[in-house]
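> Got a structure here, written out as structure tokens. Questions coming.
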Amino acid sequence: MRRRALASAAAALLALPLSGCGLNAMSAPSESLTIYASRPDDIGGGVLKDFEKAHPEYAGKVRVLTIGAQEVLERIRAESRSPQADVWWGGTSQQFDQGVDAGLLTRPPKDVVERVPAKYRGERDLWLGEMRMAQLFVYNDEMMRARDVPRDWDDLLEPAYKNKILIRDVAASGTMRSVWTAMIDREARKKGGSVGAGYDWLKRLDANTKEYTASPTDLYLRLQREEAPLSVWNLQDVLVQRAKGIAMKPKVPASGAPMLLDGVGKVKGGPNGKAADAFLRFLLRQDTQRRLAQETYQLPTVPLEKEPKWLASLHLKEMPVDWRRISRHETKWITHWSEHIKGRG
């Protein structure tokens with residue numbers, strides 16, 4: 001009994017910082033909705049406003065905590081004895097698979113599940129892929145000419161790019177964890193299954209990396225301030241920032257871009273299950289997904305009548321990645337990178 005009481009108290013304490021983000025988990029109004037999201041406001045904010053218009057019963061009662069995707073997973077896991085969130089919005093298949101293994105998710109209503117093709121659903125439909133995300137090169141095109149941008153992934157290791165690369169800190173970022181583990185998987189497949197080959201590749205990249213930035217916003221600011229011209233990031237965010245006038249331009253590596261499945265799920269035991277169902281139903285409507293594709297450069301999993309115009313010009317090529325293998329080994333691989341490679345290249 002004492003152990004359970006301590007666990008409940010710890011979960012309550014972990015929930016308290018929500019008030020610093022405009023949230024107050026300890027005094028949630030009835031018929032409210034709490035979302036833990038890794039989606040930046042300039043992508044997700046419009047969806048939330050439209051949801052409140054479509055569902056006035058939730059107007060002013062939608063509360064969002066926006067943090068890194070890995071941090072979302074860790075927070076929901078820490079609160080599992082006393083869940084504070086209703087919806088987990090944004091994260092890789094690896095992270096959602098870990099959430100399934102930890103018993104953190106519950107199946108959304110059948111009509112919501114069926115909007116997403118089966119190949120984009122998680123185990124037992126406990127989470128749903130909302131979009132696909134291409135991971136590629138991004139560069140400040142006022143600082144670097146297109147012809148000087150690396151042609152392919154191995155070119156990042158060339159001496160010419162030493163101190164010209166900024167990287168979003170990997171451990172807290174679902175995007176970067178996926179890119180780094182995709183590179184380990186790629187090198188291992190090239191070298192007979194040796195994970196060490198992937199670690200060696202990342203060590204050489206670390207030697208060329210000028211700095212690891214604390215957040216996506218920090219990465220954008222540093223690129224804009226011309227601290228370095230080059231990075232690796234996801235296509236959607238790059239195009240959103242470019243549309244705002246920031247000098248960021250994407251380039252697809254010649255051998256292809258890792259394509260992540262980014263998902264959404266309903267938190268098991270969340271305090272507002274009815275609100276969670278309403279939000280998931282709204283988010284995965286075809287008109288919502290069409291608007292996200294047109295206005296925020298999203299690659300939706302929900303089938304649309306036609307491809308967005310902006311996508312046709314990019315000539316996206318997908319890099320083969322064994323995401324199932326990565327799901328099994330991601331934590332170990334990223335821990336090794338953090339403890340033995342980062343800053344030591």
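Identifiers in this document derive from the order of the structure tokens: chains are assigned A, B, ..., residues are numbered from 1 separately in each chain, and ligands are numbered from 1 in order of occurrence.
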Please identify all polymer residues within 9 Å of Gln95 of chain A, counting only C-alpha atoms, omitting same-chain residues fewer than 6 positions from it, and present them as a count of residues only.
5
> Determine, counting only C-alpha atoms, which protein, DNA and RNA residues have an atom within 8 Å of an atom of segment 294-304 of chain A; residues of the same chain fewer than 3 positions away are not included. Present the result as a ChimeraX atom specification.
/A:43,115-117,120,129-133,236,239-240,284,286,289-291,307-308,310
> Using only C-alpha atoms, which residues sit within 10 Å of Glu114 of chain A once same-chain residues fewer than 3 positions away are excluded, as an MDAnalysis selection string?
chainID A and resid 108:111 117:118 121 125 128 284 302
> For the residues selected in the previous step, produce a file with N, CA, C and O atoms as a compact mmCIF listing (two decimals), in the first residue's frame.

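Heads up, here's the output in selection-v9.txt:
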```txt
# COMPACT_ATOMS: atom_id res chain seq x y z
N PRO A 108 -8.51 3.31 -30.18
CA PRO A 108 -9.55 4.30 -30.49
C PRO A 108 -10.80 3.61 -31.05
O PRO A 108 -10.77 2.42 -31.37
N PRO A 109 -11.90 4.35 -31.19
CA PRO A 109 -13.12 3.76 -31.74
C PRO A 109 -12.89 3.18 -33.15
O PRO A 109 -12.03 3.64 -33.90
N LYS A 110 -13.67 2.17 -33.48
CA LYS A 110 -13.50 1.45 -34.74
C LYS A 110 -13.57 2.37 -35.95
O LYS A 110 -12.79 2.24 -36.90
N ASP A 111 -14.51 3.33 -35.95
CA ASP A 111 -14.66 4.20 -37.12
C ASP A 111 -13.44 5.10 -37.31
O ASP A 111 -13.10 5.47 -38.44
N PRO A 117 -5.25 3.33 -43.33
CA PRO A 117 -4.94 2.02 -43.91
C PRO A 117 -4.20 1.12 -42.93
O PRO A 117 -3.39 1.59 -42.12
N ALA A 118 -4.46 -0.17 -43.00
CA ALA A 118 -3.92 -1.13 -42.03
C ALA A 118 -2.39 -1.08 -41.94
O ALA A 118 -1.82 -1.26 -40.87
N ARG A 121 -1.03 1.31 -39.24
CA ARG A 121 -1.52 1.19 -37.86
C ARG A 121 -0.52 0.41 -37.02
O ARG A 121 0.22 -0.43 -37.52
N ASP A 125 -3.92 -2.10 -33.40
CA ASP A 125 -4.54 -0.79 -33.68
C ASP A 125 -4.50 0.12 -32.46
O ASP A 125 -5.36 1.00 -32.29
N LEU A 128 -2.22 4.98 -34.27
CA LEU A 128 -2.47 5.17 -35.71
C LEU A 128 -1.43 6.11 -36.31
O LEU A 128 -1.13 7.16 -35.75
N LEU A 284 -8.48 12.91 -37.97
CA LEU A 284 -8.31 11.96 -39.07
C LEU A 284 -9.43 12.04 -40.11
O LEU A 284 -9.55 11.17 -40.97
N VAL A 302 -4.02 9.11 -44.33
CA VAL A 302 -5.41 9.03 -44.78
C VAL A 302 -5.45 9.30 -46.28
O VAL A 302 -4.92 10.32 -46.74
```
